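Enquirer: Pasting my_file_36.pdb below, which is PDB, C-alpha atoms.
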```
ATOM      1  CA  GLY A1331       0.000   0.000   0.000
ATOM      2  CA  GLN A1332       0.860   3.636  -0.161
ATOM      3  CA  GLN A1333       3.563   4.903   2.182
ATOM      4  CA  VAL A1334       4.254   8.502   3.095
ATOM      5  CA  MET A1335       7.670   9.068   4.624
ATOM      6  CA  GLN A1336       8.508  12.231   6.488
ATOM      7  CA  ILE A1337      11.923  13.363   7.709
ATOM      8  CA  PRO A1338      13.355  14.296  10.046
ATOM      9  CA  GLN A1339      11.382  12.861  12.964
ATOM     10  CA  TYR A1340      12.627  15.605  15.287
ATOM     11  CA  GLN A1341      14.375  18.932  14.729
ATOM     12  CA  HIS A1342      15.821  21.198  17.390
ATOM     13  CA  VAL A1343      16.553  24.765  16.322
ATOM     14  CA  GLN A1344      17.522  27.996  17.987
ATOM     15  CA  GLU A1345      14.924  30.714  17.663
ATOM     16  CA  GLY A1346      15.596  32.616  14.450
ATOM     17  CA  GLU A1347      17.035  29.634  12.563
ATOM     18  CA  ASP A1348      15.297  28.134   9.552
ATOM     19  CA  PHE A1349      13.545  24.745   9.509
ATOM     20  CA  THR A1350      12.594  22.334   6.746
ATOM     21  CA  THR A1351      10.631  19.079   6.783
ATOM     22  CA  TYR A1352      10.419  16.741   3.809
ATOM     23  CA  CYS A1353       7.656  14.399   2.720
ATOM     24  CA  ASN A1354       8.036  11.569   0.192
ATOM     25  CA  SER A1355       5.338   9.283  -1.134
ATOM     26  CA  SER A1356       5.750   5.831  -2.662
ATOM     27  CA  THR A1357       3.008   6.696  -5.161
ATOM     28  CA  THR A1358       1.981   9.755  -7.152
ATOM     29  CA  LEU A1359      -0.271  12.055  -5.141
ATOM     30  CA  SER A1360      -3.305  13.903  -6.471
ATOM     31  CA  ASN A1361      -2.653  16.532  -3.822
ATOM     32  CA  ILE A1362      -0.698  17.064  -0.605
ATOM     33  CA  GLN A1363      -2.002  18.578   2.597
ATOM     34  CA  TRP A1364      -0.046  19.914   5.562
ATOM     35  CA  TYR A1365      -1.242  20.022   9.152
ATOM     36  CA  LYS A1366       0.195  21.421  12.386
ATOM     37  CA  GLN A1367      -0.388  19.900  15.804
ATOM     38  CA  ARG A1368       0.587  21.910  18.865
ATOM     39  CA  PRO A1369       1.703  19.907  21.940
ATOM     40  CA  GLY A1370      -1.382  18.409  23.577
ATOM     41  CA  GLY A1371      -3.586  19.638  20.749
ATOM     42  CA  HIS A1372      -5.191  18.313  17.625
ATOM     43  CA  PRO A1373      -4.033  18.579  13.993
ATOM     44  CA  VAL A1374      -5.030  21.802  12.270
ATOM     45  CA  PHE A1375      -5.076  22.167   8.496
ATOM     46  CA  LEU A1376      -2.468  24.550   7.070
ATOM     47  CA  ILE A1377      -2.606  24.237   3.292
ATOM     48  CA  GLN A1378      -3.268  22.029   0.286
ATOM     49  CA  LEU A1379      -1.138  21.841  -2.870
ATOM     50  CA  VAL A1380      -2.567  20.356  -6.048
ATOM     51  CA  LYS A1381      -0.444  21.292  -9.064
ATOM     52  CA  SER A1382       2.906  19.825 -10.056
ATOM     53  CA  GLY A1383       5.711  22.184  -8.957
ATOM     54  CA  GLU A1384       3.320  24.368  -6.980
ATOM     55  CA  VAL A1385       4.772  26.740  -4.376
ATOM     56  CA  LYS A1386       2.629  28.526  -1.794
ATOM     57  CA  LYS A1387       3.596  30.895   0.989
ATOM     58  CA  GLN A1388       1.945  31.739   4.279
ATOM     59  CA  LYS A1389       3.973  34.491   5.951
ATOM     60  CA  ARG A1390       7.205  32.723   7.032
ATOM     61  CA  LEU A1391       6.050  29.271   5.792
ATOM     62  CA  THR A1392       6.805  28.080   2.261
ATOM     63  CA  PHE A1393       5.234  24.910   0.891
ATOM     64  CA  GLN A1394       6.398  23.121  -2.262
ATOM     65  CA  PHE A1395       4.946  20.228  -4.259
ATOM     66  CA  GLY A1396       7.409  18.305  -6.390
ATOM     67  CA  GLU A1397       7.288  18.154 -10.168
ATOM     68  CA  ALA A1398       6.562  14.423 -10.073
ATOM     69  CA  LYS A1399       3.894  14.941  -7.371
ATOM     70  CA  LYS A1400       5.620  12.402  -5.130
ATOM     71  CA  ASN A1401       7.336  14.750  -2.699
ATOM     72  CA  SER A1402       6.726  17.957  -0.815
ATOM     73  CA  SER A1403       8.454  20.216   1.666
ATOM     74  CA  LEU A1404       7.611  22.798   4.288
ATOM     75  CA  HIS A1405      10.174  25.484   5.048
ATOM     76  CA  ILE A1406       9.910  27.925   7.941
ATOM     77  CA  THR A1407      12.084  31.025   7.844
ATOM     78  CA  ALA A1408      13.343  32.536  11.102
ATOM     79  CA  THR A1409      11.541  30.203  13.490
ATOM     80  CA  GLN A1410       9.673  31.550  16.506
ATOM     81  CA  THR A1411       8.615  29.792  19.700
ATOM     82  CA  THR A1412       5.053  29.850  18.383
ATOM     83  CA  ASP A1413       6.162  27.476  15.596
ATOM     84  CA  VAL A1414       6.662  24.651  18.098
ATOM     85  CA  GLY A1415       4.644  21.556  17.258
ATOM     86  CA  THR A1416       4.473  18.562  14.984
ATOM     87  CA  TYR A1417       4.014  19.088  11.256
ATOM     88  CA  PHE A1418       2.296  16.379   9.232
ATOM     89  CA  CYS A1419       1.970  15.912   5.518
ATOM     90  CA  ALA A1420      -0.926  13.880   4.164
ATOM     91  CA  GLY A1421      -1.819  12.789   0.683
ATOM     92  CA  PRO A1422      -4.131  10.407  -1.129
ATOM     93  CA  GLY A1423      -2.520   8.122  -3.625
ATOM     94  CA  GLY A1424      -2.250   4.625  -4.974
ATOM     95  CA  GLY A1425      -5.825   4.732  -6.225
ATOM     96  CA  SER A1426      -7.292   5.692  -2.856
ATOM     97  CA  TYR A1427      -8.811   9.069  -2.139
ATOM     98  CA  ILE A1428      -8.277   8.833   1.602
ATOM     99  CA  PRO A1429      -5.240  10.822   2.780
ATOM    100  CA  THR A1430      -2.365   8.859   4.273
ATOM    101  CA  PHE A1431      -0.446  10.770   6.916
ATOM    102  CA  GLY A1432       3.301  10.876   7.335
ATOM    103  CA  ARG A1433       4.674  10.234  10.816
ATOM    104  CA  GLY A1434       5.280  13.932  11.326
ATOM    105  CA  THR A1435       8.249  16.134  12.177
ATOM    106  CA  SER A1436       8.364  17.559  15.690
ATOM    107  CA  LEU A1437       9.881  21.025  15.785
ATOM    108  CA  ILE A1438      11.440  22.205  19.029
ATOM    109  CA  VAL A1439      12.470  25.865  19.143
ATOM    110  CA  HIS A1440      14.927  26.955  21.813
ATOM    111  CA  PRO A1441      14.647  30.625  22.817
TER
ATOM    112  CA  ASN B 929     -20.375  26.614  16.133
ATOM    113  CA  ALA B 930     -18.481  23.902  18.054
ATOM    114  CA  GLY B 931     -16.976  22.119  15.012
ATOM    115  CA  VAL B 932     -16.072  18.499  15.845
ATOM    116  CA  THR B 933     -16.866  17.396  19.389
ATOM    117  CA  GLN B 934     -15.482  14.198  20.912
ATOM    118  CA  THR B 935     -16.391  12.579  24.214
ATOM    119  CA  PRO B 936     -14.933  11.564  26.548
ATOM    120  CA  LYS B 937     -11.608  13.431  26.647
ATOM    121  CA  PHE B 938      -9.960  10.833  28.877
ATOM    122  CA  GLN B 939     -10.795   7.200  29.633
ATOM    123  CA  VAL B 940      -9.140   4.373  31.507
ATOM    124  CA  LEU B 941     -10.300   0.823  30.810
ATOM    125  CA  LYS B 942      -9.362  -2.601  32.046
ATOM    126  CA  THR B 943      -8.480  -5.262  29.507
ATOM    127  CA  GLY B 944     -11.650  -6.838  28.137
ATOM    128  CA  GLN B 945     -13.947  -3.916  28.908
ATOM    129  CA  SER B 946     -15.950  -2.275  26.170
ATOM    130  CA  MET B 947     -16.648   1.355  25.443
ATOM    131  CA  THR B 948     -17.885   3.711  22.754
ATOM    132  CA  LEU B 949     -16.179   6.930  21.720
ATOM    133  CA  GLN B 950     -18.652   9.525  20.555
ATOM    134  CA  CYS B 951     -18.101  12.104  17.835
ATOM    135  CA  ALA B 952     -20.420  14.755  16.473
ATOM    136  CA  GLN B 953     -19.931  17.573  13.967
ATOM    137  CA  ASP B 954     -22.172  20.578  13.428
ATOM    138  CA  MET B 955     -20.718  21.707  10.083
ATOM    139  CA  ASN B 956     -23.036  19.616   7.871
ATOM    140  CA  HIS B 957     -20.050  17.630   6.601
ATOM    141  CA  ASN B 958     -20.560  14.487   4.567
ATOM    142  CA  SER B 959     -17.416  12.543   5.470
ATOM    143  CA  MET B 960     -16.193  11.506   8.905
ATOM    144  CA  TYR B 961     -13.101   9.626  10.058
ATOM    145  CA  TRP B 962     -11.548   7.956  13.080
ATOM    146  CA  TYR B 963      -7.756   8.050  13.505
ATOM    147  CA  ARG B 964      -5.465   6.804  16.229
ATOM    148  CA  GLN B 965      -2.193   8.499  17.097
ATOM    149  CA  ASP B 966       0.687   6.682  18.742
ATOM    150  CA  PRO B 967       4.109   8.179  19.525
ATOM    151  CA  GLY B 968       6.273   8.254  16.405
ATOM    152  CA  MET B 969       3.557   6.631  14.284
ATOM    153  CA  GLY B 970       1.661   9.609  12.983
ATOM    154  CA  LEU B 971      -2.082   9.363  12.403
ATOM    155  CA  ARG B 972      -3.418   6.024  11.247
ATOM    156  CA  LEU B 973      -6.912   5.663   9.837
ATOM    157  CA  ILE B 974      -9.159   3.185  11.646
ATOM    158  CA  TYR B 975     -12.485   3.621   9.812
ATOM    159  CA  TYR B 976     -14.135   6.270   7.736
ATOM    160  CA  SER B 977     -17.579   7.144   6.448
ATOM    161  CA  ALA B 978     -17.784   8.842   3.062
ATOM    162  CA  SER B 979     -21.463   9.625   3.525
ATOM    163  CA  GLU B 980     -24.365   8.934   5.828
ATOM    164  CA  GLY B 981     -25.137   5.233   5.843
ATOM    165  CA  THR B 982     -21.732   4.020   4.632
ATOM    166  CA  THR B 983     -18.606   2.962   6.497
ATOM    167  CA  ASP B 984     -15.306   1.495   5.319
ATOM    168  CA  LYS B 985     -12.197   0.072   6.910
ATOM    169  CA  GLY B 986      -8.999   2.047   7.069
ATOM    170  CA  GLU B 987      -5.434   0.974   7.756
ATOM    171  CA  VAL B 988      -5.925  -0.429  11.289
ATOM    172  CA  PRO B 989      -9.563  -1.575  11.761
ATOM    173  CA  ASN B 990      -9.017  -4.732  13.807
ATOM    174  CA  GLY B 991     -10.627  -4.599  17.251
ATOM    175  CA  TYR B 992     -12.930  -1.695  16.366
ATOM    176  CA  ASN B 993     -16.428  -1.164  15.051
ATOM    177  CA  VAL B 994     -18.117   2.042  13.923
ATOM    178  CA  SER B 995     -21.603   3.410  13.443
ATOM    179  CA  ARG B 996     -22.602   6.379  11.327
ATOM    180  CA  LEU B 997     -25.738   7.098  13.314
ATOM    181  CA  ASN B 998     -26.779  10.063  11.169
ATOM    182  CA  LYS B 999     -25.027  12.798   9.219
ATOM    183  CA  ARG B1000     -23.764  14.442  12.408
ATOM    184  CA  GLU B1001     -22.582  11.483  14.475
ATOM    185  CA  PHE B1002     -19.911   8.826  13.980
ATOM    186  CA  SER B1003     -19.105   6.548  16.906
ATOM    187  CA  LEU B1004     -16.185   4.182  17.482
ATOM    188  CA  ARG B1005     -16.658   1.074  19.620
ATOM    189  CA  LEU B1006     -14.087  -1.116  21.300
ATOM    190  CA  GLU B1007     -15.810  -4.410  22.080
ATOM    191  CA  SER B1008     -13.027  -5.958  24.177
ATOM    192  CA  ALA B1009     -10.286  -3.466  24.917
ATOM    193  CA  ALA B1010      -6.643  -4.560  24.772
ATOM    194  CA  PRO B1011      -3.492  -2.770  26.005
ATOM    195  CA  SER B1012      -2.438  -2.367  22.346
ATOM    196  CA  GLN B1013      -5.408  -0.030  21.932
ATOM    197  CA  THR B1014      -3.925   2.494  24.349
ATOM    198  CA  SER B1015      -3.685   5.583  22.174
ATOM    199  CA  VAL B1016      -5.044   9.019  21.433
ATOM    200  CA  TYR B1017      -8.098   8.840  19.201
ATOM    201  CA  PHE B1018      -9.109  11.650  16.880
ATOM    202  CA  CYS B1019     -12.363  12.053  15.055
ATOM    203  CA  ALA B1020     -12.341  14.221  11.930
ATOM    204  CA  SER B1021     -14.759  15.401   9.289
ATOM    205  CA  SER B1022     -14.537  16.924   5.823
ATOM    206  CA  PRO B1023     -17.105  18.917   3.859
ATOM    207  CA  GLY B1024     -17.632  16.833   0.737
ATOM    208  CA  THR B1025     -17.142  13.217  -0.021
ATOM    209  CA  ALA B1026     -13.746  11.700   0.656
ATOM    210  CA  ALA B1027     -13.151  11.648  -3.108
ATOM    211  CA  THR B1028     -12.936  15.429  -3.245
ATOM    212  CA  ASN B1029      -9.824  15.406  -1.030
ATOM    213  CA  GLU B1030     -10.969  18.293   1.073
ATOM    214  CA  LYS B1031      -9.292  19.363   4.282
ATOM    215  CA  LEU B1032      -9.984  17.554   7.507
ATOM    216  CA  PHE B1033     -11.342  19.196  10.636
ATOM    217  CA  PHE B1034     -10.267  17.370  13.786
ATOM    218  CA  GLY B1035     -11.832  17.023  17.205
ATOM    219  CA  SER B1036      -9.797  17.595  20.357
ATOM    220  CA  GLY B1037      -9.097  13.909  20.883
ATOM    221  CA  THR B1038      -9.718  11.141  23.411
ATOM    222  CA  GLN B1039      -6.806   9.818  25.426
ATOM    223  CA  LEU B1040      -7.509   6.148  26.133
ATOM    224  CA  SER B1041      -5.493   3.918  28.435
ATOM    225  CA  VAL B1042      -6.142   0.177  28.627
ATOM    226  CA  LEU B1043      -4.624  -1.514  31.662
TER
END
```
Go ahead and render the structure in this file as structure tokens.
Expert:
Amino acid sequence: GQQVMQIPQYQHVQEGEDFTTYCNSSTTLSNIQWYKQRPGGHPVFLIQLVKSGEVKKQKRLTFQFGEAKKNSSLHITATQTTDVGTYFCAGPGGGSYIPTFGRGTSLIVHP
Amino acid sequence: NAGVTQTPKFQVLKTGQSMTLQCAQDMNHNSMYWYRQDPGMGLRLIYYSASEGTTDKGEVPNGYNVSRLNKREFSLRLESAAPSQTSVYFCASSPGTAATNEKLFFGSGTQLSVL
């Protein structure tokens, strides 16, 4: 079945440093979604990318969808303590329309 | 507008006990989902319901049953709880059918411990 791999599992940064998490799928994705989960909270939708090579920005967050629609990345510029949490990618693929979630990247920001 | 409401928030069970996790959404969404979250494992789909009256198995359905009672409510039942079912359970909903790949709205979760 479809697998969605996400790396790294954890990332420690000093406040102000940049952060990137990568998502790779074993199958072509019709779209990719990104979610953020604060510690003790629930996942909250951030964005959805649909087109090959698509790039979207939300303030300091930049999301990319690969040309082959099998990989994606989330980049945060100049991290802040409010960015702390776990970031998940999710995408349907392999003939299913149900999104499969990656295992997430936990971002820890040290002030 | 409460969104997706899950009850209870916390539950402790003994092995072999049964319980039902309740979920309701007030956004008139068609699709509803149950996920479990374990440390380092991400979110794994247990069951989903693409529309009222239909349910389908996800990645990890063994040991669970579901009921889509009406458009608003989607319950998850553990018939005979096992320690391996200790987890955080999230209910989610999406506006259209699952085929439209719309964003998921999550409830606040149920932390379940099975001793």
Enquirer: Show which residues sit within 10 Å of Phe1393 (chain A), as an NGL selection string. Count only C-alpha atoms, and ignore same-chain residues fewer than 2 positions away.
Expert: :A and (1350-1351 or 1362-1364 or 1376-1379 or 1384-1388 or 1391 or 1395 or 1402-1406)
Enquirer: Residues picked by the ChimeraX specification (/A :<9) & /B here, as a PyMOL selection string?
Expert: chain B and resi 967-973+976+986+1018+1026-1037
Enquirer: List the residues matched by the PyMOL selection byres ((chain B and resi 1003) around 7) in the displayed structure as a PyMOL selection string, ordered by chain and then by residue number.
Expert: chain B and resi 948-951+994-996+1001-1002+1004-1005
Enquirer: Residue by residue, what does the PyMOL selection byres ((chain A and resi 1344) around 7) grab here? Present the result as a PyMOL selection string.
Expert: chain A and resi 1343+1345-1347+1439-1441
Enquirer: Quick check, in Å to one decimal: how far apart do CA of Thr983 (chain B) and CA of Gln939 (chain B) lie?
Expert: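 Going from CA of Thr983 (chain B) over to CA of Gln939 (chain B), I get 24.8 Å.
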Enquirer: Which of these residues is nearest to Asn990 (chain B), using only C-alpha atoms: B:Leu1040, B:Ala1009, B:Gly944, B:Thr933?
Expert: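 The closest residue to Asn990 (chain B) is B:Ala1009.
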Enquirer: So the first atom is CA of Thr1409 (chain A) and the second is CA of Arg1368 (chain A); what is the distance between them in Å, to one decimal place?
Expert: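 Distance between the two atoms: 14.8 Å.
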Enquirer: Mind rebuilding region 1402-1413 of chain A with all heavy atoms and writing that out as a compact mmCIF listing (two decimals), in the coordinates of the input?
Expert:
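And here is the file that came out, out-v1.txt:
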```txt
# COMPACT_ATOMS: atom_id res chain seq x y z
N SER A 1402 7.12 16.61 -1.22
CA SER A 1402 6.73 17.96 -0.82
C SER A 1402 7.63 18.40 0.33
O SER A 1402 8.29 17.58 0.97
CB SER A 1402 5.26 17.97 -0.37
OG SER A 1402 4.85 19.25 0.01
N SER A 1403 7.67 19.69 0.56
CA SER A 1403 8.45 20.22 1.67
C SER A 1403 7.76 21.41 2.28
O SER A 1403 6.97 22.11 1.63
CB SER A 1403 9.87 20.61 1.21
OG SER A 1403 9.81 21.66 0.28
N LEU A 1404 8.08 21.62 3.55
CA LEU A 1404 7.61 22.80 4.29
C LEU A 1404 8.84 23.46 4.86
O LEU A 1404 9.64 22.82 5.57
CB LEU A 1404 6.65 22.37 5.41
CG LEU A 1404 6.46 23.33 6.58
CD1 LEU A 1404 5.92 24.67 6.12
CD2 LEU A 1404 5.57 22.71 7.65
N HIS A 1405 9.03 24.73 4.57
CA HIS A 1405 10.17 25.48 5.05
C HIS A 1405 9.68 26.65 5.89
O HIS A 1405 8.77 27.38 5.46
CB HIS A 1405 11.00 26.01 3.88
CG HIS A 1405 12.20 26.81 4.28
ND1 HIS A 1405 13.39 26.23 4.66
CD2 HIS A 1405 12.38 28.15 4.38
CE1 HIS A 1405 14.26 27.16 4.97
NE2 HIS A 1405 13.67 28.34 4.80
N ILE A 1406 10.24 26.79 7.08
CA ILE A 1406 9.91 27.92 7.94
C ILE A 1406 11.14 28.81 8.06
O ILE A 1406 12.22 28.34 8.45
CB ILE A 1406 9.45 27.48 9.34
CG1 ILE A 1406 8.22 26.56 9.22
CG2 ILE A 1406 9.10 28.70 10.19
CD1 ILE A 1406 7.72 26.04 10.57
N THR A 1407 10.99 30.05 7.75
CA THR A 1407 12.08 31.02 7.84
C THR A 1407 12.04 31.69 9.21
O THR A 1407 10.98 32.08 9.68
CB THR A 1407 11.95 32.08 6.75
OG1 THR A 1407 11.92 31.43 5.46
CG2 THR A 1407 13.09 33.08 6.79
N ALA A 1408 13.23 31.81 9.83
CA ALA A 1408 13.34 32.54 11.10
C ALA A 1408 12.31 32.05 12.11
O ALA A 1408 11.38 32.78 12.47
CB ALA A 1408 13.22 34.03 10.86
N THR A 1409 12.51 30.82 12.59
CA THR A 1409 11.54 30.20 13.49
C THR A 1409 11.29 31.04 14.74
O THR A 1409 12.19 31.78 15.22
CB THR A 1409 12.01 28.80 13.93
OG1 THR A 1409 13.32 28.90 14.49
CG2 THR A 1409 12.01 27.84 12.76
N GLN A 1410 10.08 30.91 15.27
CA GLN A 1410 9.67 31.55 16.51
C GLN A 1410 9.17 30.47 17.46
O GLN A 1410 8.82 29.37 17.02
CB GLN A 1410 8.60 32.60 16.24
CG GLN A 1410 9.04 33.69 15.28
CD GLN A 1410 7.92 34.65 14.93
OE1 GLN A 1410 6.77 34.50 15.36
NE2 GLN A 1410 8.25 35.66 14.14
N THR A 1411 9.08 30.80 18.73
CA THR A 1411 8.62 29.79 19.70
C THR A 1411 7.18 29.36 19.41
O THR A 1411 6.77 28.26 19.78
CB THR A 1411 8.72 30.32 21.13
OG1 THR A 1411 8.05 31.57 21.23
CG2 THR A 1411 10.19 30.52 21.52
N THR A 1412 6.44 30.21 18.75
CA THR A 1412 5.05 29.85 18.38
C THR A 1412 4.99 28.80 17.28
O THR A 1412 3.92 28.24 17.00
CB THR A 1412 4.28 31.09 17.91
OG1 THR A 1412 5.04 31.71 16.86
CG2 THR A 1412 4.09 32.07 19.04
N ASP A 1413 6.14 28.50 16.65
CA ASP A 1413 6.16 27.48 15.60
C ASP A 1413 6.29 26.07 16.16
O ASP A 1413 6.20 25.08 15.42
CB ASP A 1413 7.33 27.72 14.63
CG ASP A 1413 7.21 29.02 13.87
OD1 ASP A 1413 6.06 29.39 13.53
OD2 ASP A 1413 8.24 29.67 13.63
```
